[in-house]
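The file structure.txt contains compact mmCIF, C-alpha atoms and all ligand atoms:
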# COMPACT_ATOMS: atom_id res chain seq x y z
CA MET A 1 0.00 0.00 0.00
CA GLN A 2 1.37 3.42 -0.91
CA ASN A 3 1.38 6.29 1.60
CA PHE A 4 -1.70 8.46 1.46
CA GLU A 5 -3.43 11.42 3.06
CA TYR A 6 -7.21 11.40 3.19
CA CYS A 7 -9.67 13.94 4.50
CA CYS A 8 -13.23 14.09 3.26
CA SER A 9 -14.58 16.98 5.26
CA THR A 10 -18.05 17.31 3.72
CA GLU A 11 -20.94 16.93 6.16
CA ILE A 12 -23.47 14.49 4.70
CA VAL A 13 -27.15 15.09 5.42
CA PHE A 14 -28.85 12.05 3.89
CA GLY A 15 -32.49 11.02 3.54
CA ARG A 16 -36.07 12.00 2.89
CA ASP A 17 -37.06 15.68 3.23
CA THR A 18 -33.51 16.72 4.11
CA GLU A 19 -33.65 19.59 1.59
CA ASN A 20 -35.80 21.44 4.14
CA LYS A 21 -32.66 21.75 6.27
CA ALA A 22 -30.86 23.79 3.58
CA GLY A 23 -31.43 27.14 5.30
CA ALA A 24 -30.33 25.86 8.70
CA LYS A 25 -27.19 24.30 7.22
CA VAL A 26 -26.25 27.47 5.33
CA LYS A 27 -26.65 29.43 8.56
CA GLN A 28 -24.59 26.87 10.48
CA TYR A 29 -21.72 27.44 8.03
CA GLY A 30 -21.95 31.22 8.28
CA GLY A 31 -23.91 32.11 5.13
CA THR A 32 -26.01 35.29 5.24
CA LYS A 33 -26.12 36.29 1.54
CA VAL A 34 -26.39 33.26 -0.69
CA ALA A 35 -25.98 32.71 -4.40
CA LEU A 36 -28.46 29.98 -5.26
CA VAL A 37 -27.00 28.20 -8.28
CA TYR A 38 -29.19 25.85 -10.33
CA GLY A 39 -29.58 24.39 -13.80
CA GLY A 40 -32.14 24.50 -16.60
CA ASN A 41 -35.58 23.63 -15.42
CA SER A 42 -35.68 20.46 -13.34
CA ALA A 43 -35.29 22.04 -9.89
CA LYS A 44 -37.88 24.72 -10.70
CA SER A 45 -40.54 22.47 -12.19
CA SER A 46 -40.32 19.91 -9.40
CA GLY A 47 -40.96 22.60 -6.77
CA LEU A 48 -37.59 21.90 -5.14
CA LEU A 49 -36.29 25.40 -5.70
CA ASP A 50 -39.28 26.95 -3.92
CA ARG A 51 -38.79 24.65 -0.94
CA ILE A 52 -35.12 25.65 -0.76
CA LYS A 53 -35.99 29.34 -0.97
CA ASP A 54 -38.57 28.93 1.81
CA SER A 55 -35.99 27.21 3.94
CA LEU A 56 -33.47 30.03 3.35
CA SER A 57 -35.98 32.77 4.02
CA ALA A 58 -36.97 31.07 7.28
CA GLU A 59 -33.39 31.76 8.41
CA ASN A 60 -33.46 35.37 7.08
CA ILE A 61 -30.87 34.55 4.46
CA GLU A 62 -30.80 36.83 1.41
CA VAL A 63 -30.78 35.10 -1.96
CA LEU A 64 -29.30 35.89 -5.37
CA GLU A 65 -30.56 33.42 -7.98
CA LEU A 66 -28.05 32.23 -10.56
CA GLY A 67 -30.08 29.81 -12.69
CA GLY A 68 -29.48 28.33 -16.13
CA VAL A 69 -26.29 26.30 -15.72
CA LYS A 70 -25.92 23.95 -18.69
CA PRO A 71 -24.45 20.43 -18.57
CA ASN A 72 -20.69 20.57 -19.24
CA PRO A 73 -20.75 23.95 -17.46
CA ARG A 74 -19.31 26.94 -19.23
CA LEU A 75 -16.62 29.35 -18.08
CA SER A 76 -18.68 32.33 -19.34
CA PHE A 77 -21.48 31.52 -16.86
CA VAL A 78 -18.90 31.46 -14.06
CA VAL A 79 -17.40 34.81 -15.05
CA GLU A 80 -20.85 36.41 -15.21
CA GLY A 81 -21.83 34.72 -11.92
CA VAL A 82 -18.76 36.08 -10.12
CA LYS A 83 -19.64 39.64 -11.18
CA LYS A 84 -23.26 39.40 -10.04
CA ALA A 85 -22.31 37.68 -6.79
CA GLN A 86 -19.70 40.33 -5.97
CA GLU A 87 -22.25 43.11 -6.52
CA PHE A 88 -24.71 41.34 -4.22
CA GLY A 89 -22.10 40.71 -1.53
CA VAL A 90 -22.49 36.93 -1.60
CA ASP A 91 -20.77 35.07 1.26
CA PHE A 92 -21.98 31.51 0.54
CA LEU A 93 -22.77 29.43 -2.55
CA LEU A 94 -25.65 26.96 -2.50
CA ALA A 95 -25.78 24.61 -5.48
CA VAL A 96 -29.05 22.80 -6.23
CA GLY A 97 -28.45 20.21 -8.93
CA GLY A 98 -25.81 17.82 -10.21
CA GLY A 99 -22.15 17.96 -11.12
CA SER A 100 -22.54 20.83 -13.57
CA VAL A 101 -24.30 23.07 -11.06
CA ILE A 102 -22.05 22.16 -8.12
CA ASP A 103 -18.90 22.65 -10.24
CA THR A 104 -20.17 26.05 -11.34
CA ALA A 105 -20.79 27.02 -7.72
CA LYS A 106 -17.28 25.85 -6.75
CA ALA A 107 -15.75 27.95 -9.54
CA ILE A 108 -17.79 31.05 -8.66
CA ALA A 109 -16.72 30.58 -5.03
CA VAL A 110 -13.10 30.63 -6.21
CA GLY A 111 -13.67 33.70 -8.39
CA ILE A 112 -15.23 35.73 -5.55
CA ALA A 113 -12.55 34.80 -3.03
CA ASN A 114 -9.69 35.66 -5.43
CA PRO A 115 -10.89 38.93 -7.03
CA GLU A 116 -7.49 39.78 -8.53
CA ALA A 117 -7.22 36.45 -10.33
CA ASP A 118 -8.49 35.19 -13.68
CA VAL A 119 -10.35 31.99 -12.82
CA TRP A 120 -9.40 30.21 -16.06
CA GLU A 121 -5.86 31.46 -16.68
CA ASP A 122 -4.66 31.37 -13.08
CA PHE A 123 -6.35 28.18 -11.87
CA TRP A 124 -8.17 25.93 -14.35
CA SER A 125 -5.75 26.09 -17.29
CA LYS A 126 -2.81 25.56 -14.92
CA LYS A 127 -4.73 22.95 -12.87
CA THR A 128 -3.66 24.90 -9.80
CA LYS A 129 -5.83 24.99 -6.70
CA ALA A 130 -6.85 28.53 -5.73
CA PRO A 131 -5.49 29.74 -2.37
CA LYS A 132 -8.96 30.72 -1.13
CA SER A 133 -12.60 29.92 -1.73
CA LEU A 134 -15.99 30.86 -0.34
CA PRO A 135 -17.89 27.97 1.27
CA VAL A 136 -20.15 25.91 -1.00
CA GLY A 137 -23.08 23.72 0.03
CA ALA A 138 -24.88 21.27 -2.26
CA VAL A 139 -28.41 19.92 -2.56
CA LEU A 140 -27.91 16.95 -4.87
CA THR A 141 -30.51 16.06 -7.52
CA ILE A 142 -28.64 13.44 -9.59
CA SER A 143 -26.37 10.61 -8.49
CA ALA A 144 -23.41 10.75 -10.83
CA ALA A 145 -20.43 13.09 -10.72
CA GLY A 146 -19.76 12.99 -6.99
CA SER A 147 -19.02 16.71 -6.97
CA GLU A 148 -21.09 17.04 -3.79
CA THR A 149 -18.15 15.56 -1.86
CA SER A 150 -15.24 15.80 -4.32
CA ASP A 151 -12.32 18.20 -4.23
CA SER A 152 -12.49 19.26 -7.85
CA ALA A 153 -14.61 21.03 -10.45
CA VAL A 154 -14.67 20.68 -14.23
CA LEU A 155 -15.24 23.67 -16.53
CA THR A 156 -15.45 24.07 -20.31
CA LYS A 157 -14.06 27.09 -22.14
CA GLU A 158 -16.42 27.37 -25.10
CA GLU A 159 -14.09 29.17 -27.54
CA THR A 160 -11.32 26.57 -27.35
CA HIS A 161 -13.38 23.45 -26.50
CA GLN A 162 -11.11 22.80 -23.53
CA LYS A 163 -12.77 20.86 -20.71
CA ILE A 164 -10.52 20.88 -17.65
CA GLY A 165 -10.83 19.68 -14.07
CA CYS A 166 -9.13 21.62 -11.27
CA SER A 167 -8.66 21.01 -7.54
CA THR A 168 -11.00 22.94 -5.28
CA GLU A 169 -12.26 22.84 -1.71
CA ARG A 170 -14.90 20.19 -1.06
CA PRO A 171 -18.45 21.41 -0.30
CA VAL A 172 -18.96 22.04 3.41
CA PHE A 173 -22.21 20.06 3.34
CA ALA A 174 -24.12 17.85 0.93
CA ILE A 175 -27.86 17.37 1.31
CA MET A 176 -28.77 14.07 -0.31
CA ASN A 177 -32.42 13.08 -0.60
CA PRO A 178 -32.79 10.14 -3.03
CA VAL A 179 -36.43 11.12 -3.69
CA LEU A 180 -35.13 14.21 -5.53
CA THR A 181 -33.71 11.90 -8.21
CA TYR A 182 -37.11 10.31 -9.04
CA THR A 183 -37.67 12.83 -11.85
CA LEU A 184 -34.47 11.95 -13.73
CA PRO A 185 -34.78 10.76 -17.33
CA ARG A 186 -33.57 7.14 -17.77
CA TYR A 187 -30.66 8.29 -19.91
CA GLN A 188 -29.36 10.51 -17.11
CA ILE A 189 -29.74 7.68 -14.58
CA ALA A 190 -27.65 5.47 -16.89
CA CYS A 191 -25.04 8.21 -17.36
CA GLY A 192 -24.88 8.49 -13.57
CA ILE A 193 -24.47 4.73 -13.06
CA THR A 194 -21.60 4.76 -15.55
CA ASP A 195 -19.87 7.76 -13.98
CA ILE A 196 -20.18 6.31 -10.47
CA MET A 197 -18.61 3.04 -11.66
CA MET A 198 -15.91 4.86 -13.57
CA HIS A 199 -14.79 6.94 -10.59
CA THR A 200 -13.87 3.65 -8.94
CA MET A 201 -12.69 1.86 -12.11
CA ASP A 202 -10.41 4.75 -13.10
CA ARG A 203 -8.74 4.22 -9.72
CA TYR A 204 -8.84 0.39 -9.71
CA PHE A 205 -6.57 -0.38 -12.67
CA ALA A 206 -3.14 0.09 -11.14
CA HIS A 207 0.03 -1.93 -10.78
CA GLU A 208 0.50 -1.67 -6.99
CA GLU A 209 0.04 -5.02 -5.23
CA GLY A 210 -1.26 -5.78 -1.76
CA ASN A 211 -3.91 -3.11 -1.32
CA HIS A 212 -6.53 -5.59 -0.15
CA PHE A 213 -9.02 -3.51 1.82
CA THR A 214 -9.20 -0.80 -0.84
CA ASP A 215 -9.64 -3.49 -3.52
CA ARG A 216 -12.53 -5.13 -1.66
CA VAL A 217 -14.22 -1.73 -1.07
CA ALA A 218 -13.90 -0.93 -4.77
CA GLU A 219 -15.20 -4.32 -5.94
CA GLU A 220 -18.18 -4.28 -3.56
CA LEU A 221 -19.06 -0.74 -4.57
CA LEU A 222 -19.02 -1.74 -8.24
CA LYS A 223 -21.18 -4.82 -7.60
CA ASN A 224 -23.63 -2.72 -5.62
CA VAL A 225 -23.90 -0.06 -8.31
CA ILE A 226 -24.47 -2.72 -10.98
CA LYS A 227 -27.17 -4.42 -8.87
CA TYR A 228 -29.06 -1.28 -7.84
CA GLY A 229 -28.35 0.42 -11.16
CA LYS A 230 -30.33 -2.35 -12.86
CA ALA A 231 -33.17 -1.85 -10.37
CA ALA A 232 -33.16 1.93 -10.89
CA MET A 233 -33.40 1.46 -14.65
CA VAL A 234 -36.60 -0.54 -14.08
CA SER A 235 -38.13 1.86 -11.55
CA ARG A 236 -36.73 5.27 -10.80
CA LYS A 237 -39.05 5.55 -7.80
CA ASP A 238 -37.34 2.67 -6.03
CA TYR A 239 -36.10 4.39 -2.85
CA GLU A 240 -33.71 1.58 -1.96
CA ALA A 241 -32.08 1.58 -5.40
CA MET A 242 -31.86 5.38 -5.62
CA SER A 243 -30.39 5.55 -2.10
CA GLU A 244 -27.70 3.03 -2.91
CA LEU A 245 -26.78 4.89 -6.10
CA MET A 246 -26.70 8.22 -4.31
CA TRP A 247 -24.45 7.07 -1.49
CA CYS A 248 -22.17 5.04 -3.77
CA GLY A 249 -21.94 8.05 -6.09
CA SER A 250 -20.53 10.19 -3.34
CA VAL A 251 -18.20 7.56 -1.86
CA SER A 252 -16.91 6.59 -5.30
CA HIS A 253 -15.44 10.03 -5.93
CA THR A 254 -14.24 10.98 -2.45
CA GLY A 255 -11.08 9.03 -3.23
CA PHE A 256 -11.92 6.31 -0.67
CA THR A 257 -12.12 3.53 -3.28
CA GLY A 258 -8.61 4.25 -4.53
CA LEU A 259 -6.61 4.89 -1.35
CA GLY A 260 -3.10 3.48 -1.31
CA ARG A 261 -2.56 3.46 -5.04
CA GLN A 262 -1.89 5.93 -7.82
CA ARG A 263 -4.87 7.52 -9.52
CA ASP A 264 -5.05 6.80 -13.24
CA PHE A 265 -8.17 8.44 -14.73
CA SER A 266 -7.35 7.60 -18.38
CA CYS A 267 -10.96 7.08 -19.34
CA HIS A 268 -11.97 10.44 -17.89
CA LYS A 269 -9.33 12.06 -20.04
CA PHE A 270 -10.81 10.51 -23.20
CA GLY A 271 -14.31 11.46 -22.08
CA HIS A 272 -13.54 15.07 -21.21
CA GLU A 273 -12.09 15.75 -24.66
CA LEU A 274 -15.18 14.19 -26.29
CA SER A 275 -17.48 16.36 -24.18
CA GLY A 276 -15.35 19.44 -24.91
CA ILE A 277 -15.70 18.97 -28.68
CA PHE A 278 -19.15 17.39 -29.00
CA ASP A 279 -20.90 18.62 -25.81
CA VAL A 280 -22.06 15.10 -24.90
CA ALA A 281 -23.13 13.85 -21.45
CA HIS A 282 -20.14 13.00 -19.28
CA GLY A 283 -21.18 9.46 -18.21
CA ALA A 284 -22.01 8.47 -21.79
CA SER A 285 -18.61 9.69 -23.00
CA LEU A 286 -16.94 7.33 -20.52
CA ALA A 287 -19.03 4.31 -21.58
CA ALA A 288 -18.15 5.01 -25.22
CA MET A 289 -14.41 4.84 -24.49
CA TRP A 290 -13.84 2.40 -21.63
CA SER A 291 -13.76 -0.94 -23.48
CA SER A 292 -11.48 0.43 -26.22
CA TRP A 293 -9.09 1.77 -23.59
CA ALA A 294 -9.26 -1.53 -21.67
CA ARG A 295 -8.47 -3.61 -24.78
CA PHE A 296 -5.57 -1.28 -25.58
CA VAL A 297 -3.95 -1.60 -22.14
CA TYR A 298 -5.01 -4.85 -20.46
CA GLN A 299 -1.91 -6.75 -21.53
CA ASP A 300 0.14 -4.42 -19.28
CA ASN A 301 -1.41 -6.29 -16.35
CA PRO A 302 -3.80 -9.08 -17.40
CA ALA A 303 -3.94 -10.39 -13.82
CA ARG A 304 -5.49 -7.12 -12.65
CA PHE A 305 -8.17 -7.29 -15.32
CA ALA A 306 -8.73 -10.99 -14.48
CA GLN A 307 -9.23 -10.04 -10.80
CA PHE A 308 -11.76 -7.39 -11.86
CA ALA A 309 -13.61 -10.03 -13.92
CA GLU A 310 -13.65 -12.54 -11.04
CA LYS A 311 -14.60 -10.21 -8.22
CA VAL A 312 -16.98 -7.86 -9.98
CA TRP A 313 -18.54 -10.05 -12.66
CA GLY A 314 -18.11 -13.50 -11.06
CA VAL A 315 -16.13 -14.89 -14.00
CA GLU A 316 -14.82 -18.38 -13.20
CA GLY A 317 -12.55 -20.69 -15.13
CA GLY A 318 -10.34 -20.00 -18.14
CA THR A 319 -6.87 -18.55 -18.40
CA VAL A 320 -5.91 -15.17 -17.02
CA GLU A 321 -6.12 -13.78 -20.55
CA GLU A 322 -9.59 -15.26 -21.10
CA LYS A 323 -10.86 -13.92 -17.79
CA ALA A 324 -9.45 -10.47 -18.47
CA ARG A 325 -11.17 -10.33 -21.85
CA ALA A 326 -14.43 -11.68 -20.40
CA GLY A 327 -14.48 -8.90 -17.78
CA ILE A 328 -14.07 -6.25 -20.46
CA ARG A 329 -16.83 -7.85 -22.56
CA MET A 330 -19.21 -8.08 -19.60
CA THR A 331 -18.67 -4.45 -18.65
CA GLU A 332 -19.38 -3.45 -22.23
CA GLU A 333 -22.53 -5.60 -22.27
CA PHE A 334 -23.70 -3.96 -19.05
CA PHE A 335 -23.28 -0.48 -20.50
CA LYS A 336 -25.24 -1.58 -23.57
CA SER A 337 -27.98 -3.04 -21.37
CA ILE A 338 -28.59 0.32 -19.67
CA GLY A 339 -28.66 2.18 -22.97
CA MET A 340 -25.16 3.61 -22.90
CA PRO A 341 -23.05 4.01 -26.05
CA ILE A 342 -19.99 1.78 -26.42
CA CYS A 343 -18.41 3.61 -29.36
CA ILE A 344 -18.13 7.14 -30.74
CA SER A 345 -20.86 6.90 -33.38
CA GLN A 346 -23.37 5.77 -30.74
CA LEU A 347 -22.28 8.72 -28.60
CA VAL A 348 -22.27 11.59 -31.11
CA GLY A 349 -24.37 10.22 -34.00
CA ARG A 350 -21.48 9.81 -36.43
CA VAL A 351 -17.84 8.75 -36.45
CA ALA A 352 -15.25 11.39 -35.61
CA THR A 353 -13.06 12.81 -38.38
CA ALA A 354 -9.29 12.32 -38.37
CA GLU A 355 -8.93 16.04 -37.54
CA GLU A 356 -11.26 15.77 -34.55
CA ILE A 357 -9.36 12.76 -33.22
CA GLU A 358 -6.05 14.56 -33.52
CA LYS A 359 -7.49 17.68 -31.87
CA MET A 360 -8.74 15.66 -28.88
CA ALA A 361 -5.36 13.93 -28.53
CA ASP A 362 -3.59 17.29 -28.80
CA LEU A 363 -5.79 18.85 -26.12
CA ALA A 364 -5.21 15.92 -23.75
CA THR A 365 -1.44 15.78 -24.21
CA ALA A 366 -0.64 19.50 -24.66
CA ASN A 367 0.11 18.96 -28.35
CA GLY A 368 1.99 15.75 -27.71
CA SER A 369 4.36 17.28 -25.18
CA LYS A 370 3.25 15.08 -22.26
CA LYS A 371 1.80 11.67 -21.53
CA VAL A 372 -1.39 11.22 -19.55
CA ALA A 373 -2.34 8.68 -16.85
CA VAL A 374 -0.19 6.11 -15.04
CA PHE A 375 -1.49 2.55 -15.59
CA HIS A 376 -0.37 2.81 -19.20
CA PRO A 377 1.00 6.32 -19.75
CA LEU A 378 -0.63 7.49 -22.98
CA SER A 379 1.22 9.54 -25.59
CA LYS A 380 -0.61 11.57 -28.21
CA GLN A 381 -0.23 8.63 -30.63
CA ASP A 382 -1.62 6.19 -28.03
CA MET A 383 -4.62 8.45 -27.45
CA MET A 384 -5.27 8.63 -31.17
CA LYS A 385 -5.08 4.82 -31.43
CA VAL A 386 -7.64 4.37 -28.64
CA TYR A 387 -9.97 6.98 -30.14
CA GLU A 388 -9.64 5.16 -33.49
CA MET A 389 -10.47 1.82 -31.83
CA ALA A 390 -13.68 3.39 -30.50
CA ASN A 391 -14.44 5.24 -33.74
CA TYR A 392 -17.06 3.01 -35.31
O1 LIG A 401 -30.41 21.55 -15.92
P1 LIG A 401 -31.50 20.72 -15.35
O2 LIG A 401 -32.85 21.10 -15.85
O3 LIG A 401 -31.44 20.64 -13.85
O4 LIG A 401 -31.30 19.23 -15.93
C1 LIG A 401 -30.20 18.42 -15.57
C2 LIG A 401 -29.24 18.20 -16.73
O5 LIG A 401 -29.89 18.34 -17.97
C3 LIG A 401 -30.72 17.04 -15.32
N1 LIG A 401 -31.15 16.81 -13.94
C4 LIG A 401 -30.42 16.89 -12.82
N2 LIG A 401 -31.15 16.53 -11.77
C5 LIG A 401 -32.37 16.22 -12.24
C6 LIG A 401 -32.38 16.40 -13.63
N3 LIG A 401 -33.48 16.17 -14.39
C7 LIG A 401 -34.58 15.75 -13.76
N4 LIG A 401 -34.64 15.52 -12.43
C8 LIG A 401 -33.56 15.74 -11.64
N5 LIG A 401 -33.63 15.47 -10.32
O6 LIG A 401 -29.63 16.17 -15.59
C9 LIG A 401 -28.84 16.75 -16.61
C10 LIG A 401 -27.39 16.54 -16.29
O7 LIG A 401 -27.01 17.32 -15.18
P2 LIG A 401 -25.46 17.44 -14.79
O8 LIG A 401 -25.34 18.26 -13.59
O9 LIG A 401 -24.70 17.84 -16.00
O10 LIG A 401 -25.11 15.92 -14.48
P3 LIG A 401 -23.92 15.25 -13.70
O11 LIG A 401 -24.18 15.24 -12.25
O12 LIG A 401 -23.67 13.99 -14.40
O13 LIG A 401 -22.67 16.24 -13.90
C11 LIG A 401 -21.87 16.18 -15.04
C12 LIG A 401 -20.79 17.24 -14.97
O14 LIG A 401 -19.95 17.00 -13.82
C13 LIG A 401 -18.59 16.87 -14.27
C14 LIG A 401 -18.74 16.34 -15.67
O15 LIG A 401 -17.58 16.47 -16.43
C15 LIG A 401 -19.89 17.17 -16.19
O16 LIG A 401 -19.46 18.45 -16.58
N6 LIG A 401 -17.82 16.07 -13.33
C16 LIG A 401 -17.48 16.64 -12.17
C17 LIG A 401 -16.71 15.97 -11.26
C18 LIG A 401 -16.31 16.61 -9.98
N7 LIG A 401 -16.52 17.90 -9.83
O17 LIG A 401 -15.77 15.97 -9.08
C19 LIG A 401 -16.20 14.62 -11.49
C20 LIG A 401 -16.81 13.92 -12.64
O18 LIG A 401 -15.91 12.96 -13.14
C21 LIG A 401 -17.24 14.80 -13.75
O19 LIG A 401 -16.16 15.10 -14.62
ZN ZN A 402 -16.73 11.31 -13.91

Please rewrite the model in this file as structure tokens.
Ligand code: NZQ
Ligand code: ZN
Amino acid sequence: MQNFEYCCSTEIVFGRDTENKAGAKVKQYGGTKVALVYGGNSAKSSGLLDRIKDSLSAENIEVLELGGVKPNPRLSFVVEGVKKAQEFGVDFLLAVGGGSVIDTAKAIAVGIANPEADVWEDFWSKKTKAPKSLPVGAVLTISAAGSETSDSAVLTKEETHQKIGCSTERPVFAIMNPVLTYTLPRYQIACGITDIMMHTMDRYFAHEEGNHFTDRVAEELLKNVIKYGKAAMVSRKDYEAMSELMWCGSVSHTGFTGLGRQRDFSCHKFGHELSGIFDVAHGASLAAMWSSWARFVYQDNPARFAQFAEKVWGVEGGTVEEKARAGIRMTEEFFKSIGMPICISQLVGRVATAEEIEKMADLATANGSKKVAVFHPLSKQDMMKVYEMANY
């Protein structure tokens, strides 16, 4: 086991009706003037936003609404949000939504706390954590990205199609009521299932040996997400299934399922570039790339892939090579079964051009000047090969 430091400081408030505690929690963490950040329409039309506003007004907290965050959140919204929030004197950010909304709130919190800095140039493009941030709280409405407890936020700069994740503070609290996810479209539930799995899988494929507890945690989390993911795809009003997905979604991206080994995140790299260029849903971008990446790299450590097949998919018998390949096939079949794409044409509606593939590889590797990931460090040429494998 490698040395590690771990601190997940987010207070979790889990269960039915917990959104009614939003005002009290904001007050507890010192908020008096709140920017209420939300997305397109889902939080409004479900009545959630009104309940949150009631809860804030019950604590005499002033509210600035910053609605309209789009999936794959844009830098321009953040820049505009910082200006409005500064004028209002915001001292706390409350995000009501999923990864896109929470990431936007995290970035606005950075922008307000560092008024001399350029959020993109000084932090996101350099992947440098800002020295200060305002506190952020989250009311989660989709189990997926794990941003409600994670220490990062992902932004897209529209003009250049760059989609970049940067270290941030974790939210101070996360309110997690599984009932709030009952209104999700099936496609978004499936994207969430994929992303939750991938936050553990992108940490699981590593060469370090002897990390038994972390391995078992990761394998059980994956089995649980597969089991309850299937149930959620049948009925999105299944409280048990939605609870399991919600809690696994948070744990999967706190870092807990990868402690003691290096973090790889290859598949996220492929996915972020696809979302940057084609504006596709994050979870779907990962499903479209994972099996191509796995087939490209599994021979670096077939035993690791065989262990994944045995422990997660129950594969028995056969050689190490056969087991490794079976595990990849079964993961791919699972993604298909929940309606996820397993190649680029299923993701974006057509195959990518040679120019688009090269652009994505250039963006990921800083024009070929660096390799990405650690399980199998990927050069620009490697990235292009994997994109080509998935380009059907
Ligand atoms: O905008 P609204 O109307 O709210 O609709 C959203 C959006 O269209 C909808 N939705 C959310 N909750 C709903 C709902 N619809 C009905 N009922 C509800 N209860 O779902 C759509 C997707 O929302 P989004 O926030 O984009 O989803 P997700 O949570 O998957 O977040 C994806 C973003 O997070 C980033 C991704 O790259 C992507 O930009 N990630 C952030 C991470 C982090 N900060 O730690 C890690 C992840 O790996 C990921 O990269
Ligand atoms: Zn993700």

Quiz prompt | Å distance separating atom CA of A:Glu87 from atom CA of A:Val69, one decimal place | solution =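 Separating atom CA of A:Glu87 from atom CA of A:Val69 is a distance of 19.6 Å.
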
Quiz item: Residues within 6 Å of ligand LIG 401 (chain A) (all atoms listed in the file), as a ChimeraX atom specification?
Solution: /A:39-43,70-73,97-101,103,141-142,144-147,150,152-154,180-181,183-184,188,192,282

Self-check item: Test item: residues at most 10 Å from A:Ile61, all atoms listed in the file, excluding those fewer than 3 positions along its chain, as a PyMOL selection string
Solution: chain A and resi 23-24+26-27+31-34+53-58

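Within 7 Å of A:Leu36, once only C-alpha atoms are used and residues closer than 5 positions along the same chain are dropped, the contacting residues are Val63, Leu64, Glu65, Leu66, Leu93, Leu94 and Ala95 of chain A.
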
Quiz item: What residues have any atom no more than 10 Å from ligand ZN 402 (chain A) when counting all atoms listed in the file, and can you list them as a ChimeraX atom specification?
Solution: /A:99,144-147,154,191-192,194-200,202,249,252-253,265,267-269,271-272,282-286

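Shortest atom-to-atom contact with A:Gly339 among A:Ala287, A:Ala352, A:Val79, A:Val315: A:Ala287, counting all atoms listed in the file.
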
As JSON, please report the centre and edge lengths, rounded to one decimal in Å, of the axis-aligned box that holds all listed atoms of stretch 257-270 of chain A with 5 Å of padding on each of the six sides.
{"center_x": -7.0, "center_y": 7.8, "center_z": -12.3, "size_x": 20.2, "size_y": 18.6, "size_z": 31.9}

Quiz prompt | Distance query stretch 231-246 of chain A at most 9 Å, all atoms listed in the file, self and fewer than 4 positions along chain excluded, as a PyMOL selection string | solution = chain A and resi 14-15+140+142-144+146+176-179+181-186+189-190+192-193+196+224-227+250-251+338

Quiz item: In Å to one decimal, how far is atom CA of A:Lys380 from atom CA of A:Thr365?
Solution: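 Those two atoms sit 5.9 Å apart.
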
Practice problem: Just give me the gap between atom CA of A:Gln262 and atom CA of A:Ser133 in Å, one decimal is fine. | Solution: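 The value is 27.0 Å.
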
Self-check item: From A:Tyr38, A:Ser337, A:Lys25, A:Lys127, residue lying nearest A:Gly229 [all atoms listed in the file]
Solution: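 Answer, going by the shortest atom-to-atom distance: A:Ser337.
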
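Minimum distance to A:Phe256 across A:Glu358, A:Glu321, A:Glu11, A:Asp215 (counting all atoms listed in the file) occurs at A:Asp215.
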
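Proximity ranking of A:Lys132, A:Met201, A:Lys21, A:Phe4 relative to A:Glu169 places A:Lys132 first, based on all atoms listed in the file.
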
Quiz item: If I put a ball of radius 12 Å at (-3.7, 9.6, -23.4) in the file's coordinates, which residues poke into it when counting all atoms listed in the file, written as an MDAnalysis selection string?
Solution: chainID A and resid 264:273 289 293 296:297 357:358 360:387

Excluding A:Asn211 and residues on its chain fewer than 6 positions from it, collect all residues at most 8 Å away from it, counting all atoms listed in the file, and give them as an mmCIF file with C-alpha atoms, keeping the file's coordinate frame.
data_model
loop_
_atom_site.group_PDB
_atom_site.id
_atom_site.type_symbol
_atom_site.label_atom_id
_atom_site.label_comp_id
_atom_site.auth_asym_id
_atom_site.auth_seq_id
_atom_site.Cartn_x
_atom_site.Cartn_y
_atom_site.Cartn_z
ATOM 1 C CA MET A 1 0.000 0.000 0.000
ATOM 2 C CA GLY A 260 -3.100 3.480 -1.310
ATOM 3 C CA ARG A 261 -2.560 3.460 -5.040
#

Just save stretch 152-159 of chain A with N, CA and C atoms, as a CSV table (one decimal), in the first residue's frame.
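Output below, filename out08.csv:
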chain,number,residue,atom,x,y,z
A,152,SER,N,-12.8,18.7,-6.5
A,152,SER,CA,-12.5,19.3,-7.9
A,152,SER,C,-13.7,19.8,-8.5
A,153,ALA,N,-13.5,20.5,-9.6
A,153,ALA,CA,-14.6,21.0,-10.5
A,153,ALA,C,-14.1,21.1,-11.9
A,154,VAL,N,-15.0,20.8,-12.8
A,154,VAL,CA,-14.7,20.7,-14.2
A,154,VAL,C,-15.4,21.8,-15.0
A,155,LEU,N,-14.6,22.6,-15.7
A,155,LEU,CA,-15.2,23.7,-16.5
A,155,LEU,C,-14.9,23.5,-18.0
A,156,THR,N,-15.7,24.1,-18.9
A,156,THR,CA,-15.4,24.1,-20.3
A,156,THR,C,-15.3,25.5,-20.8
A,157,LYS,N,-14.2,25.8,-21.5
A,157,LYS,CA,-14.1,27.1,-22.1
A,157,LYS,C,-14.6,26.9,-23.6
A,158,GLU,N,-15.7,27.6,-23.8
A,158,GLU,CA,-16.4,27.4,-25.1
A,158,GLU,C,-15.5,27.6,-26.3
A,159,GLU,N,-14.8,28.8,-26.3
A,159,GLU,CA,-14.1,29.2,-27.5
A,159,GLU,C,-13.1,28.1,-28.0
